[in-house]
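Next up, entry_2.pdb (PDB, C-alpha atoms):
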```pdb
ATOM      1  CA  MET A   1       0.000   0.000   0.000  1.00  0.00           C
ATOM      2  CA  PHE A   2       1.303   3.476  -0.906  1.00  0.00           C
ATOM      3  CA  GLY A   3       0.956   6.511   1.332  1.00  0.00           C
ATOM      4  CA  VAL A   4       2.211  10.059   1.572  1.00  0.00           C
ATOM      5  CA  ASN A   5       2.822  11.891   4.845  1.00  0.00           C
ATOM      6  CA  ARG A   6       4.131  15.347   3.904  1.00  0.00           C
ATOM      7  CA  VAL A   7       3.450  18.724   5.514  1.00  0.00           C
ATOM      8  CA  THR A   8       4.580  22.115   4.173  1.00  0.00           C
ATOM      9  CA  LEU A   9       4.083  25.262   6.253  1.00  0.00           C
ATOM     10  CA  VAL A  10       5.163  28.895   6.230  1.00  0.00           C
ATOM     11  CA  GLY A  11       4.502  30.749   9.452  1.00  0.00           C
ATOM     12  CA  ASN A  12       5.881  32.600  12.441  1.00  0.00           C
ATOM     13  CA  LEU A  13       7.226  31.311  15.744  1.00  0.00           C
ATOM     14  CA  GLY A  14       4.938  32.010  18.684  1.00  0.00           C
ATOM     15  CA  ALA A  15       7.801  31.863  21.217  1.00  0.00           C
ATOM     16  CA  ASP A  16      11.507  31.131  21.369  1.00  0.00           C
ATOM     17  CA  PRO A  17      12.331  27.456  20.679  1.00  0.00           C
ATOM     18  CA  GLU A  18      12.837  24.969  23.501  1.00  0.00           C
ATOM     19  CA  VAL A  19      16.001  22.877  23.144  1.00  0.00           C
ATOM     20  CA  ARG A  20      17.050  19.796  25.084  1.00  0.00           C
ATOM     21  CA  LYS A  21      19.236  16.711  24.833  1.00  0.00           C
ATOM     22  CA  THR A  22      17.919  13.167  24.925  1.00  0.00           C
ATOM     23  CA  ALA A  23      19.469  10.498  27.173  1.00  0.00           C
ATOM     24  CA  ASN A  24      21.805   9.535  24.313  1.00  0.00           C
ATOM     25  CA  GLN A  25      22.816  13.210  23.810  1.00  0.00           C
ATOM     26  CA  GLN A  26      20.809  13.833  20.619  1.00  0.00           C
ATOM     27  CA  THR A  27      19.565  17.428  20.299  1.00  0.00           C
ATOM     28  CA  VAL A  28      15.830  18.028  19.916  1.00  0.00           C
ATOM     29  CA  THR A  29      14.291  21.469  19.443  1.00  0.00           C
ATOM     30  CA  GLN A  30      10.563  22.187  19.683  1.00  0.00           C
ATOM     31  CA  PHE A  31       8.568  25.298  18.883  1.00  0.00           C
ATOM     32  CA  ASN A  32       5.059  26.437  18.003  1.00  0.00           C
ATOM     33  CA  LEU A  33       4.400  27.863  14.559  1.00  0.00           C
ATOM     34  CA  ALA A  34       1.430  30.067  13.694  1.00  0.00           C
ATOM     35  CA  THR A  35      -0.076  30.004  10.209  1.00  0.00           C
ATOM     36  CA  SER A  36      -2.843  32.426   9.308  1.00  0.00           C
ATOM     37  CA  GLU A  37      -5.375  32.773   6.545  1.00  0.00           C
ATOM     38  CA  SER A  38      -7.663  35.689   5.830  1.00  0.00           C
ATOM     39  CA  TRP A  39     -10.762  36.153   3.702  1.00  0.00           C
ATOM     40  CA  MET A  40     -13.692  38.488   3.196  1.00  0.00           C
ATOM     41  CA  ASN A  41     -17.023  37.320   4.570  1.00  0.00           C
ATOM     42  CA  LYS A  42     -20.337  37.830   2.778  1.00  0.00           C
ATOM     43  CA  ASP A  43     -20.681  41.290   4.400  1.00  0.00           C
ATOM     44  CA  GLY A  44     -17.314  42.385   3.003  1.00  0.00           C
ATOM     45  CA  GLU A  45     -15.604  42.247   6.394  1.00  0.00           C
ATOM     46  CA  ARG A  46     -12.087  40.853   6.632  1.00  0.00           C
ATOM     47  CA  GLN A  47     -11.864  37.646   8.662  1.00  0.00           C
ATOM     48  CA  GLU A  48      -8.711  35.922   9.895  1.00  0.00           C
ATOM     49  CA  LYS A  49      -8.001  32.520  11.405  1.00  0.00           C
ATOM     50  CA  THR A  50      -4.742  31.357  12.951  1.00  0.00           C
ATOM     51  CA  GLU A  51      -3.734  27.710  13.361  1.00  0.00           C
ATOM     52  CA  TRP A  52      -0.969  26.638  15.759  1.00  0.00           C
ATOM     53  CA  HIS A  53       1.378  23.764  14.893  1.00  0.00           C
ATOM     54  CA  ARG A  54       3.853  21.979  17.169  1.00  0.00           C
ATOM     55  CA  ILE A  55       7.186  21.538  15.348  1.00  0.00           C
ATOM     56  CA  VAL A  56       9.924  19.069  16.377  1.00  0.00           C
ATOM     57  CA  VAL A  57      13.435  19.176  14.880  1.00  0.00           C
ATOM     58  CA  TRP A  58      16.231  16.646  15.544  1.00  0.00           C
ATOM     59  CA  GLY A  59      20.027  16.534  15.319  1.00  0.00           C
ATOM     60  CA  LYS A  60      22.253  19.160  13.703  1.00  0.00           C
ATOM     61  CA  LEU A  61      19.247  20.991  12.240  1.00  0.00           C
ATOM     62  CA  ALA A  62      17.787  21.207  15.769  1.00  0.00           C
ATOM     63  CA  GLU A  63      20.988  22.854  17.000  1.00  0.00           C
ATOM     64  CA  THR A  64      20.856  25.418  14.180  1.00  0.00           C
ATOM     65  CA  CYS A  65      17.176  26.161  14.864  1.00  0.00           C
ATOM     66  CA  ALA A  66      17.864  26.613  18.592  1.00  0.00           C
ATOM     67  CA  LYS A  67      20.684  29.035  17.816  1.00  0.00           C
ATOM     68  CA  TYR A  68      18.946  31.256  15.239  1.00  0.00           C
ATOM     69  CA  LEU A  69      15.176  31.047  15.651  1.00  0.00           C
ATOM     70  CA  THR A  70      13.390  33.479  17.936  1.00  0.00           C
ATOM     71  CA  LYS A  71       9.814  34.490  18.656  1.00  0.00           C
ATOM     72  CA  GLY A  72       8.197  36.080  15.589  1.00  0.00           C
ATOM     73  CA  ARG A  73      10.733  34.734  13.071  1.00  0.00           C
ATOM     74  CA  GLN A  74       9.177  33.534   9.818  1.00  0.00           C
ATOM     75  CA  VAL A  75      10.151  30.031   8.658  1.00  0.00           C
ATOM     76  CA  PHE A  76       9.353  27.481   5.972  1.00  0.00           C
ATOM     77  CA  ILE A  77       8.884  23.969   7.358  1.00  0.00           C
ATOM     78  CA  GLU A  78       8.689  20.699   5.466  1.00  0.00           C
ATOM     79  CA  GLY A  79       8.207  17.462   7.337  1.00  0.00           C
ATOM     80  CA  ARG A  80       5.797  14.724   8.342  1.00  0.00           C
ATOM     81  CA  LEU A  81       2.905  14.387  10.784  1.00  0.00           C
ATOM     82  CA  GLN A  82       3.453  12.250  13.839  1.00  0.00           C
ATOM     83  CA  THR A  83       1.087  11.428  16.699  1.00  0.00           C
ATOM     84  CA  ARG A  84       2.492  10.191  19.979  1.00  0.00           C
ATOM     85  CA  SER A  85       1.063   9.398  23.392  1.00  0.00           C
ATOM     86  CA  TRP A  86       2.208   9.343  26.990  1.00  0.00           C
ATOM     87  CA  GLU A  87       0.750   8.822  30.437  1.00  0.00           C
ATOM     88  CA  THR A  88       0.617  11.596  33.045  1.00  0.00           C
ATOM     89  CA  GLU A  89       1.620  11.104  36.683  1.00  0.00           C
ATOM     90  CA  GLN A  90      -2.112  10.845  37.452  1.00  0.00           C
ATOM     91  CA  GLY A  91      -2.451   7.933  35.006  1.00  0.00           C
ATOM     92  CA  GLN A  92      -4.252   9.867  32.247  1.00  0.00           C
ATOM     93  CA  LYS A  93      -3.344   9.047  28.665  1.00  0.00           C
ATOM     94  CA  ARG A  94      -2.430  12.133  26.592  1.00  0.00           C
ATOM     95  CA  PHE A  95      -1.913  12.505  22.853  1.00  0.00           C
ATOM     96  CA  THR A  96      -0.264  15.122  20.674  1.00  0.00           C
ATOM     97  CA  THR A  97       0.116  15.511  16.937  1.00  0.00           C
ATOM     98  CA  GLU A  98       3.226  17.319  15.765  1.00  0.00           C
ATOM     99  CA  ILE A  99       5.241  17.971  12.635  1.00  0.00           C
ATOM    100  CA  VAL A 100       8.665  16.368  12.580  1.00  0.00           C
ATOM    101  CA  ALA A 101      10.633  18.787  10.413  1.00  0.00           C
ATOM    102  CA  GLY A 102      13.081  17.473   7.853  1.00  0.00           C
ATOM    103  CA  GLN A 103      13.732  20.872   6.312  1.00  0.00           C
ATOM    104  CA  VAL A 104      13.655  24.321   7.905  1.00  0.00           C
ATOM    105  CA  LEU A 105      14.331  27.462   5.878  1.00  0.00           C
ATOM    106  CA  PHE A 106      14.752  30.714   7.771  1.00  0.00           C
ATOM    107  CA  LEU A 107      12.834  33.535   6.104  1.00  0.00           C
ATOM    108  CA  GLY A 108      12.809  37.250   6.724  1.00  0.00           C
ATOM    109  CA  LYS A 109      15.664  39.294   8.151  1.00  0.00           C
ATOM    110  CA  SER A 110      18.725  37.310   9.278  1.00  0.00           C
ATOM    111  CA  PRO A 111      20.832  38.055  12.334  1.00  0.00           C
ATOM    112  CA  GLN A 112      24.327  39.457  11.717  1.00  0.00           C
ATOM    113  CA  ASN A 113      26.809  36.791  10.488  1.00  0.00           C
ATOM    114  CA  PHE A 114      23.975  34.278  10.126  1.00  0.00           C
ATOM    115  CA  ASP A 115      24.308  33.839   6.353  1.00  0.00           C
ATOM    116  CA  LYS A 116      28.090  33.374   6.552  1.00  0.00           C
ATOM    117  CA  GLU A 117      27.857  30.752   9.296  1.00  0.00           C
ATOM    118  CA  ILE A 118      25.007  28.838   7.649  1.00  0.00           C
ATOM    119  CA  ASN A 119      26.817  28.808   4.299  1.00  0.00           C
ATOM    120  CA  GLU A 120      29.994  27.481   5.934  1.00  0.00           C
ATOM    121  CA  THR A 121      28.038  24.833   7.837  1.00  0.00           C
ATOM    122  CA  THR A 122      26.018  23.594   4.881  1.00  0.00           C
ATOM    123  CA  ALA A 123      28.732  23.912   2.213  1.00  0.00           C
ATOM    124  CA  SER A 124      30.566  20.903   3.616  1.00  0.00           C
ATOM    125  CA  GLN A 125      27.400  18.803   3.240  1.00  0.00           C
ATOM    126  CA  PHE A 126      27.254  19.269  -0.510  1.00  0.00           C
ATOM    127  CA  LYS A 127      29.748  17.799  -2.919  1.00  0.00           C
ATOM    128  CA  LYS A 128      30.446  19.304  -6.280  1.00  0.00           C
ATOM    129  CA  GLU A 129      28.151  17.865  -8.926  1.00  0.00           C
ATOM    130  CA  PRO A 130      29.960  15.538 -11.308  1.00  0.00           C
ATOM    131  CA  GLU A 131      30.434  16.948 -14.759  1.00  0.00           C
ATOM    132  CA  PHE A 132      28.661  15.004 -17.470  1.00  0.00           C
ATOM    133  CA  ASN A 133      29.413  15.049 -21.130  1.00  0.00           C
ATOM    134  CA  THR A 134      26.070  15.458 -22.854  1.00  0.00           C
ATOM    135  CA  LYS A 135      27.103  14.630 -26.399  1.00  0.00           C
ATOM    136  CA  GLU A 136      24.696  12.018 -27.697  1.00  0.00           C
ATOM    137  CA  GLU A 137      27.341   9.712 -29.156  1.00  0.00           C
ATOM    138  CA  GLU A 138      29.054   9.428 -25.767  1.00  0.00           C
ATOM    139  CA  LEU A 139      26.014   8.531 -23.697  1.00  0.00           C
ATOM    140  CA  PRO A 140      25.841   4.846 -22.691  1.00  0.00           C
ATOM    141  CA  PHE A 141      22.223   4.382 -23.847  1.00  0.00           C
TER     142      PHE A 141
END
```
Could I get this structure in the form of structure tokens?
Amino acid sequence: MFGVNRVTLVGNLGADPEVRKTANQQTVTQFNLATSESWMNKDGERQEKTEWHRIVVWGKLAETCAKYLTKGRQVFIEGRLQTRSWETEQGQKRFTTEIVAGQVLFLGKSPQNFDKEINETTASQFKKEPEFNTKEEELPF
């Protein structure tokens, strides 16, 4: 069976991110993201609705988010939906649905030196594309 679990959001942080380390020292950063839509009702009055989304980021990307994201910052998020449950100290079962981000793009104004540091950090992750000769007679098919 085939399925797709993909979420794409652009919104603003409602508060500074919360960062912590797991027992095995993996970084996890969590924050709330607000997305809004507006429309005109039948009386010509502008209406607006805001949805809040819980975002979870892991690993190196979580460290970068914790360092540079602040309340109000606009971001692009791409990830997947995940629902998890836990039991409270009183024995009540609780559930939450969150977006586990695989990609986070920082939008809007960047802090000083942000672009330089991000470029240096991410440049090492990308290798130069191999050069291909595109002449038809040299292609193997």
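Here atom CA of Val104 of chain A stands at a distance of 4.8 Å from atom CA of Ile77 of chain A.
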Phe95 of chain A environment, 9 Å, all atoms listed in the file, sequence neighbours closer than 3 positions dropped, as a ChimeraX atom specification:
/A:83-87
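Within the 10 Å cut-off around Leu105 of chain A, using only C-alpha atoms and omitting residues fewer than 6 positions from it on the same chain, the listed residues are Val10, Cys65, Gln74, Val75, Phe76, Ile77 and Glu78 of chain A.
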Selected residue, from A:Val56, A:Leu61, A:Val7, A:Leu69, that lies nearest to Gln30 of chain A when counting all atoms listed in the file:
A:Val56
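Using only C-alpha atoms, the residues found no farther than 12 Å from Gly11 of chain A, other than those of its own chain fewer than 5 positions away, are Phe31, Asn32, Leu33, Ala34, Thr35, Ser36, Glu37, Thr50, Glu51, Trp52, His53, Arg54, Ile55, Lys71, Gly72, Arg73, Gln74, Val75, Phe76, Ile77, Glu78, Val104, Leu105, Phe106, Leu107 and Gly108 of chain A.
Taking atom CA of Asn12 of chain A and atom CA of Gly44 of chain A as the two end points, the separation is 26.9 Å.
Here atom CA of Arg6 of chain A and atom CA of Val57 of chain A stand 14.9 Å from one another.
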Among the residues A:Met1, A:Leu81, A:Leu9, A:Ile99, the one that comes closest to Thr29 of chain A [using only C-alpha atoms]
A:Ile99
Check what the PyMOL selection byres ((chain A and resi 63) around 12) selects in the file above and give those residues as a PDB file with C-alpha atoms, keeping the file's coordinate frame.
```pdb
ATOM      1  CA  PRO A  17      12.331  27.456  20.679  1.00  0.00           C
ATOM      2  CA  GLU A  18      12.837  24.969  23.501  1.00  0.00           C
ATOM      3  CA  VAL A  19      16.001  22.877  23.144  1.00  0.00           C
ATOM      4  CA  ARG A  20      17.050  19.796  25.084  1.00  0.00           C
ATOM      5  CA  LYS A  21      19.236  16.711  24.833  1.00  0.00           C
ATOM      6  CA  GLN A  25      22.816  13.210  23.810  1.00  0.00           C
ATOM      7  CA  GLN A  26      20.809  13.833  20.619  1.00  0.00           C
ATOM      8  CA  THR A  27      19.565  17.428  20.299  1.00  0.00           C
ATOM      9  CA  VAL A  28      15.830  18.028  19.916  1.00  0.00           C
ATOM     10  CA  THR A  29      14.291  21.469  19.443  1.00  0.00           C
ATOM     11  CA  GLN A  30      10.563  22.187  19.683  1.00  0.00           C
ATOM     12  CA  VAL A  56       9.924  19.069  16.377  1.00  0.00           C
ATOM     13  CA  VAL A  57      13.435  19.176  14.880  1.00  0.00           C
ATOM     14  CA  TRP A  58      16.231  16.646  15.544  1.00  0.00           C
ATOM     15  CA  GLY A  59      20.027  16.534  15.319  1.00  0.00           C
ATOM     16  CA  LYS A  60      22.253  19.160  13.703  1.00  0.00           C
ATOM     17  CA  LEU A  61      19.247  20.991  12.240  1.00  0.00           C
ATOM     18  CA  ALA A  62      17.787  21.207  15.769  1.00  0.00           C
ATOM     19  CA  THR A  64      20.856  25.418  14.180  1.00  0.00           C
ATOM     20  CA  CYS A  65      17.176  26.161  14.864  1.00  0.00           C
ATOM     21  CA  ALA A  66      17.864  26.613  18.592  1.00  0.00           C
ATOM     22  CA  LYS A  67      20.684  29.035  17.816  1.00  0.00           C
ATOM     23  CA  TYR A  68      18.946  31.256  15.239  1.00  0.00           C
ATOM     24  CA  LEU A  69      15.176  31.047  15.651  1.00  0.00           C
ATOM     25  CA  VAL A 104      13.655  24.321   7.905  1.00  0.00           C
ATOM     26  CA  ILE A 118      25.007  28.838   7.649  1.00  0.00           C
ATOM     27  CA  THR A 121      28.038  24.833   7.837  1.00  0.00           C
TER      28      THR A 121
END
```
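Nearest residue to Ala101 of chain A, choosing from A:Thr70, A:Gln47, A:Asn5, A:Asn41 and counting all atoms listed in the file: A:Asn5.
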Counting only C-alpha atoms, figure out which residue out of A:Gln82, A:Trp39, A:Lys109, A:Thr8 gets nearest to Thr96 of chain A.
A:Gln82
Adding 5 Å on each side of the box along x, y and z that holds all listed atoms of segment 73-87 of chain A, could you give its centre and edge lengths in Å to one decimal, as JSON?
```
{"center_x": 5.7, "center_y": 21.8, "center_z": 18.0, "size_x": 20.0, "size_y": 35.9, "size_z": 35.0}
```
